[in-house]
$ cat protein_24.pdb   # PDB, C-alpha atoms, pLDDT in the B column
ATOM      1  CA  MET V   1       0.000   0.000   0.000  1.00 50.00           C
ATOM      2  CA  THR V   2       2.653   2.545   0.952  1.00 56.00           C
ATOM      3  CA  THR V   3       5.485   3.353  -1.334  1.00 57.00           C
ATOM      4  CA  GLU V   4       9.098   3.732  -0.354  1.00 57.00           C
ATOM      5  CA  THR V   5       8.949   7.543  -0.569  1.00 52.00           C
ATOM      6  CA  GLN V   6       6.094   7.713   1.911  1.00 53.00           C
ATOM      7  CA  LYS V   7       7.943   5.564   4.431  1.00 55.00           C
ATOM      8  CA  SER V   8      11.183   7.546   4.326  1.00 56.00           C
ATOM      9  CA  GLY V   9       9.731  11.084   4.312  1.00 57.00           C
ATOM     10  CA  GLY V  10       7.467  10.888   7.366  1.00 59.00           C
ATOM     11  CA  MET V  11       9.977  11.078  10.190  1.00 60.00           C
ATOM     12  CA  LYS V  12      12.103  13.823   8.676  1.00 60.00           C
ATOM     13  CA  LYS V  13       9.218  16.271   8.671  1.00 57.00           C
ATOM     14  CA  ASP V  14       8.181  15.624  12.275  1.00 59.00           C
ATOM     15  CA  LEU V  15      11.616  15.331  13.848  1.00 57.00           C
ATOM     16  CA  VAL V  16      10.997  18.301  16.147  1.00 60.00           C
ATOM     17  CA  ALA V  17       7.828  16.754  17.535  1.00 63.00           C
ATOM     18  CA  TYR V  18       9.675  13.657  18.726  1.00 66.00           C
ATOM     19  CA  GLN V  19      12.503  15.381  20.574  1.00 72.00           C
ATOM     20  CA  SER V  20      12.920  14.441  24.208  1.00 79.00           C
ATOM     21  CA  ILE V  21      12.675  17.777  26.049  1.00 83.00           C
ATOM     22  CA  ASP V  22      11.365  18.686  29.466  1.00 89.00           C
ATOM     23  CA  ALA V  23       8.230  20.678  30.200  1.00 88.00           C
ATOM     24  CA  SER V  24       9.910  24.065  30.657  1.00 90.00           C
ATOM     25  CA  GLN V  25      11.603  23.892  27.256  1.00 90.00           C
ATOM     26  CA  MET V  26       8.329  22.821  25.644  1.00 89.00           C
ATOM     27  CA  LEU V  27       6.533  25.730  27.316  1.00 92.00           C
ATOM     28  CA  VAL V  28       9.103  28.217  26.036  1.00 92.00           C
ATOM     29  CA  ARG V  29       8.860  26.834  22.510  1.00 89.00           C
ATOM     30  CA  MET V  30       5.056  26.906  22.543  1.00 91.00           C
ATOM     31  CA  LEU V  31       5.048  30.493  23.829  1.00 93.00           C
ATOM     32  CA  ILE V  32       7.429  31.571  21.079  1.00 93.00           C
ATOM     33  CA  VAL V  33       5.230  29.961  18.444  1.00 92.00           C
ATOM     34  CA  ALA V  34       2.113  31.559  19.953  1.00 94.00           C
ATOM     35  CA  ILE V  35       3.713  35.019  19.988  1.00 91.00           C
ATOM     36  CA  VAL V  36       4.832  34.690  16.375  1.00 92.00           C
ATOM     37  CA  GLU V  37       1.362  33.511  15.325  1.00 93.00           C
ATOM     38  CA  ALA V  38      -0.317  36.370  17.189  1.00 90.00           C
ATOM     39  CA  ALA V  39       2.014  38.921  15.617  1.00 87.00           C
ATOM     40  CA  LEU V  40       1.319  37.578  12.144  1.00 90.00           C
ATOM     41  CA  ALA V  41      -2.425  37.617  12.780  1.00 89.00           C
ATOM     42  CA  LEU V  42      -2.299  41.209  14.005  1.00 84.00           C
ATOM     43  CA  LEU V  43      -0.198  42.340  11.075  1.00 83.00           C
ATOM     44  CA  PHE V  44      -2.411  40.579   8.549  1.00 85.00           C
ATOM     45  CA  PHE V  45      -5.955  40.972   9.854  1.00 84.00           C
ATOM     46  CA  MET V  46      -5.632  44.434  11.400  1.00 80.00           C
ATOM     47  CA  HIS V  47      -3.469  45.773   8.551  1.00 85.00           C
ATOM     48  CA  LEU V  48      -0.900  47.010  11.057  1.00 80.00           C
ATOM     49  CA  ALA V  49       1.902  46.632   8.550  1.00 81.00           C
ATOM     50  CA  GLU V  50       0.288  49.310   6.381  1.00 88.00           C
ATOM     51  CA  ASN V  51      -0.636  51.845   9.054  1.00 86.00           C
ATOM     52  CA  ARG V  52       2.224  52.903  11.350  1.00 87.00           C
ATOM     53  CA  GLY V  53       0.003  55.080  13.555  1.00 89.00           C
ATOM     54  CA  LEU V  54      -2.329  52.199  14.325  1.00 87.00           C
ATOM     55  CA  LEU V  55       0.638  49.926  14.988  1.00 87.00           C
ATOM     56  CA  TRP V  56       2.092  52.327  17.568  1.00 91.00           C
ATOM     57  CA  PHE V  57      -1.328  52.782  19.176  1.00 91.00           C
ATOM     58  CA  VAL V  58      -1.758  49.019  19.588  1.00 88.00           C
ATOM     59  CA  VAL V  59       1.766  48.618  20.968  1.00 90.00           C
ATOM     60  CA  VAL V  60       1.465  51.485  23.458  1.00 95.00           C
ATOM     61  CA  PHE V  61      -2.034  50.434  24.519  1.00 95.00           C
ATOM     62  CA  THR V  62      -0.987  46.800  25.051  1.00 92.00           C
ATOM     63  CA  VAL V  63       2.105  47.757  27.050  1.00 94.00           C
ATOM     64  CA  SER V  64       0.117  50.169  29.218  1.00 95.00           C
ATOM     65  CA  VAL V  65      -2.552  47.536  29.925  1.00 93.00           C
ATOM     66  CA  LEU V  66       0.092  44.964  30.868  1.00 90.00           C
ATOM     67  CA  LEU V  67       1.882  47.442  33.135  1.00 90.00           C
ATOM     68  CA  THR V  68      -1.402  48.408  34.779  1.00 88.00           C
ATOM     69  CA  MET V  69      -2.202  44.755  35.397  1.00 85.00           C
ATOM     70  CA  GLN V  70       1.220  44.239  36.970  1.00 81.00           C
ATOM     71  CA  TYR V  71       0.610  47.128  39.358  1.00 78.00           C
ATOM     72  CA  GLY V  72      -2.176  45.167  41.062  1.00 70.00           C
ATOM     73  CA  TRP V  73      -0.238  41.918  41.561  1.00 71.00           C
ATOM     74  CA  THR V  74       1.752  43.222  44.514  1.00 70.00           C
ATOM     75  CA  ASP V  75      -1.390  43.881  46.544  1.00 68.00           C
ATOM     76  CA  ALA V  76      -2.849  40.496  45.595  1.00 66.00           C
ATOM     77  CA  PHE V  77       0.284  38.684  46.780  1.00 67.00           C
ATOM     78  CA  ARG V  78       0.350  40.726  49.971  1.00 68.00           C
ATOM     79  CA  LEU V  79      -3.223  39.683  50.739  1.00 66.00           C
ATOM     80  CA  SER V  80      -2.600  36.012  49.966  1.00 67.00           C
ATOM     81  CA  ALA V  81       0.569  35.923  52.116  1.00 66.00           C
ATOM     82  CA  GLY V  82      -1.412  37.049  55.142  1.00 67.00           C
ATOM     83  CA  ALA V  83       0.293  40.324  55.953  1.00 63.00           C
ATOM     84  CA  PRO V  84      -0.740  41.545  59.433  1.00 62.00           C
ATOM     85  CA  TRP V  85      -2.106  44.868  58.152  1.00 62.00           C
ATOM     86  CA  ALA V  86      -4.111  43.193  55.368  1.00 53.00           C
ATOM     87  CA  LYS V  87      -6.945  42.070  57.664  1.00 54.00           C
TER      88      LYS V  87
END

$ encode --input "protein_24.pdb" --output "structure tokens"
Amino acid sequence: MTTETQKSGGMKKDLVAYQSIDASQMLVRMLIVAIVEAALALLFFMHLAENRGLLWFVVVFTVSVLLTMQYGWTDAFRLSAGAPWAK
């Protein structure tokens, strides 16, 4: 049923999928792929490559939202650690 070319070409294409790596390396690789895919989707679907003003707005807005979210983490960790003045 299968020809010789089908048997020999299968493993070469999927060599990366069969590597023996630990969970942290796999997480880093998956995050890199997700970031690249998200950037391509933004550039293509939102036409950010064509409009520099919109690109800078999206970048500045995203960074400001992430920084604002990080501002609240310190209080959340202080409450979960059971600081004496948190009660």

$ atom_distance --input "protein_24.pdb" --atom1 "atom CA of Tyr71 of chain V" --atom2 "atom CA of Leu55 of chain V"
24.5 Å

$ atom_distance --input "protein_24.pdb" --atom1 "atom CA of Leu42 of chain V" --atom2 "atom CA of Leu27 of chain V"
22.2 Å

$ atom_distance --input "protein_24.pdb" --atom1 "atom CA of Val63 of chain V" --atom2 "atom CA of Met30 of chain V"
21.5 Å

$ axis_aligned_box --input "protein_24.pdb" --around "segment 17-32 of chain V" --padding-each-side "4 Å" --output "lines of an AutoDock Vina configuration file"
center_x = 9.0
center_y = 22.6
center_z = 24.1
size_x = 15.9
size_y = 25.9
size_z = 21.1

$ closest_residue --input "protein_24.pdb" --among "V:Gln19, V:Thr74, V:Ala39, V:Ala34" --to "Val59 of chain V" --atoms "all atoms listed in the file"
V:Ala39

$ build_atoms --input "protein_24.pdb" --residues "segment 15-38 of chain V" --atoms "N, CA, C and O atoms" --output "PDB file, in the frame of the given file"
ATOM      1  N   LEU V  15      10.505  15.605  12.947  1.00 57.00           N
ATOM      2  CA  LEU V  15      11.616  15.331  13.848  1.00 57.00           C
ATOM      3  C   LEU V  15      11.536  16.172  15.110  1.00 57.00           C
ATOM      4  O   LEU V  15      11.835  15.710  16.201  1.00 57.00           O
ATOM      5  N   VAL V  16      11.085  17.409  14.991  1.00 60.00           N
ATOM      6  CA  VAL V  16      10.997  18.301  16.147  1.00 60.00           C
ATOM      7  C   VAL V  16       9.958  17.796  17.138  1.00 60.00           C
ATOM      8  O   VAL V  16      10.125  17.907  18.348  1.00 60.00           O
ATOM      9  N   ALA V  17       8.895  17.216  16.655  1.00 63.00           N
ATOM     10  CA  ALA V  17       7.828  16.754  17.535  1.00 63.00           C
ATOM     11  C   ALA V  17       8.268  15.587  18.404  1.00 63.00           C
ATOM     12  O   ALA V  17       7.691  15.361  19.470  1.00 63.00           O
ATOM     13  N   TYR V  18       9.251  14.832  17.979  1.00 66.00           N
ATOM     14  CA  TYR V  18       9.675  13.657  18.726  1.00 66.00           C
ATOM     15  C   TYR V  18      10.934  13.876  19.552  1.00 66.00           C
ATOM     16  O   TYR V  18      11.541  12.932  20.014  1.00 66.00           O
ATOM     17  N   GLN V  19      11.335  15.114  19.753  1.00 72.00           N
ATOM     18  CA  GLN V  19      12.503  15.381  20.574  1.00 72.00           C
ATOM     19  C   GLN V  19      12.160  15.139  22.041  1.00 72.00           C
ATOM     20  O   GLN V  19      11.038  15.381  22.480  1.00 72.00           O
ATOM     21  N   SER V  20      13.121  14.687  22.788  1.00 79.00           N
ATOM     22  CA  SER V  20      12.920  14.441  24.208  1.00 79.00           C
ATOM     23  C   SER V  20      13.351  15.682  24.985  1.00 79.00           C
ATOM     24  O   SER V  20      14.530  15.864  25.295  1.00 79.00           O
ATOM     25  N   ILE V  21      12.381  16.564  25.299  1.00 83.00           N
ATOM     26  CA  ILE V  21      12.675  17.777  26.049  1.00 83.00           C
ATOM     27  C   ILE V  21      11.766  17.824  27.264  1.00 83.00           C
ATOM     28  O   ILE V  21      10.717  17.183  27.311  1.00 83.00           O
ATOM     29  N   ASP V  22      12.176  18.601  28.260  1.00 89.00           N
ATOM     30  CA  ASP V  22      11.365  18.686  29.466  1.00 89.00           C
ATOM     31  C   ASP V  22      10.265  19.736  29.291  1.00 89.00           C
ATOM     32  O   ASP V  22      10.174  20.420  28.274  1.00 89.00           O
ATOM     33  N   ALA V  23       9.434  19.841  30.297  1.00 88.00           N
ATOM     34  CA  ALA V  23       8.230  20.678  30.200  1.00 88.00           C
ATOM     35  C   ALA V  23       8.557  22.164  30.064  1.00 88.00           C
ATOM     36  O   ALA V  23       7.864  22.883  29.342  1.00 88.00           O
ATOM     37  N   SER V  24       9.594  22.641  30.738  1.00 90.00           N
ATOM     38  CA  SER V  24       9.910  24.065  30.657  1.00 90.00           C
ATOM     39  C   SER V  24      10.381  24.457  29.257  1.00 90.00           C
ATOM     40  O   SER V  24      10.018  25.519  28.755  1.00 90.00           O
ATOM     41  N   GLN V  25      11.174  23.609  28.624  1.00 90.00           N
ATOM     42  CA  GLN V  25      11.603  23.892  27.256  1.00 90.00           C
ATOM     43  C   GLN V  25      10.429  23.851  26.295  1.00 90.00           C
ATOM     44  O   GLN V  25      10.339  24.671  25.376  1.00 90.00           O
ATOM     45  N   MET V  26       9.512  22.908  26.499  1.00 89.00           N
ATOM     46  CA  MET V  26       8.329  22.821  25.644  1.00 89.00           C
ATOM     47  C   MET V  26       7.452  24.052  25.827  1.00 89.00           C
ATOM     48  O   MET V  26       6.922  24.591  24.853  1.00 89.00           O
ATOM     49  N   LEU V  27       7.324  24.528  27.057  1.00 92.00           N
ATOM     50  CA  LEU V  27       6.533  25.730  27.316  1.00 92.00           C
ATOM     51  C   LEU V  27       7.128  26.940  26.618  1.00 92.00           C
ATOM     52  O   LEU V  27       6.412  27.729  25.993  1.00 92.00           O
ATOM     53  N   VAL V  28       8.438  27.088  26.689  1.00 92.00           N
ATOM     54  CA  VAL V  28       9.103  28.217  26.036  1.00 92.00           C
ATOM     55  C   VAL V  28       8.899  28.149  24.526  1.00 92.00           C
ATOM     56  O   VAL V  28       8.569  29.152  23.889  1.00 92.00           O
ATOM     57  N   ARG V  29       9.047  26.977  23.952  1.00 89.00           N
ATOM     58  CA  ARG V  29       8.860  26.834  22.510  1.00 89.00           C
ATOM     59  C   ARG V  29       7.421  27.126  22.101  1.00 89.00           C
ATOM     60  O   ARG V  29       7.179  27.775  21.085  1.00 89.00           O
ATOM     61  N   MET V  30       6.454  26.656  22.875  1.00 91.00           N
ATOM     62  CA  MET V  30       5.056  26.906  22.543  1.00 91.00           C
ATOM     63  C   MET V  30       4.713  28.382  22.683  1.00 91.00           C
ATOM     64  O   MET V  30       3.947  28.920  21.885  1.00 91.00           O
ATOM     65  N   LEU V  31       5.282  29.062  23.680  1.00 93.00           N
ATOM     66  CA  LEU V  31       5.048  30.493  23.829  1.00 93.00           C
ATOM     67  C   LEU V  31       5.642  31.285  22.669  1.00 93.00           C
ATOM     68  O   LEU V  31       5.030  32.243  22.189  1.00 93.00           O
ATOM     69  N   ILE V  32       6.812  30.897  22.219  1.00 93.00           N
ATOM     70  CA  ILE V  32       7.429  31.571  21.079  1.00 93.00           C
ATOM     71  C   ILE V  32       6.571  31.407  19.833  1.00 93.00           C
ATOM     72  O   ILE V  32       6.322  32.365  19.100  1.00 93.00           O
ATOM     73  N   VAL V  33       6.087  30.197  19.602  1.00 92.00           N
ATOM     74  CA  VAL V  33       5.230  29.961  18.444  1.00 92.00           C
ATOM     75  C   VAL V  33       3.932  30.752  18.567  1.00 92.00           C
ATOM     76  O   VAL V  33       3.454  31.342  17.591  1.00 92.00           O
ATOM     77  N   ALA V  34       3.358  30.813  19.757  1.00 94.00           N
ATOM     78  CA  ALA V  34       2.113  31.559  19.953  1.00 94.00           C
ATOM     79  C   ALA V  34       2.321  33.056  19.726  1.00 94.00           C
ATOM     80  O   ALA V  34       1.464  33.725  19.125  1.00 94.00           O
ATOM     81  N   ILE V  35       3.438  33.594  20.183  1.00 91.00           N
ATOM     82  CA  ILE V  35       3.713  35.019  19.988  1.00 91.00           C
ATOM     83  C   ILE V  35       3.909  35.333  18.512  1.00 91.00           C
ATOM     84  O   ILE V  35       3.394  36.340  18.006  1.00 91.00           O
ATOM     85  N   VAL V  36       4.622  34.475  17.811  1.00 92.00           N
ATOM     86  CA  VAL V  36       4.832  34.690  16.375  1.00 92.00           C
ATOM     87  C   VAL V  36       3.507  34.608  15.626  1.00 92.00           C
ATOM     88  O   VAL V  36       3.207  35.443  14.758  1.00 92.00           O
ATOM     89  N   GLU V  37       2.667  33.624  15.979  1.00 93.00           N
ATOM     90  CA  GLU V  37       1.362  33.511  15.325  1.00 93.00           C
ATOM     91  C   GLU V  37       0.480  34.720  15.617  1.00 93.00           C
ATOM     92  O   GLU V  37      -0.211  35.218  14.721  1.00 93.00           O
ATOM     93  N   ALA V  38       0.492  35.197  16.844  1.00 90.00           N
ATOM     94  CA  ALA V  38      -0.317  36.370  17.189  1.00 90.00           C
ATOM     95  C   ALA V  38       0.172  37.610  16.453  1.00 90.00           C
ATOM     96  O   ALA V  38      -0.631  38.412  15.972  1.00 90.00           O
TER      97      ALA V  38
END
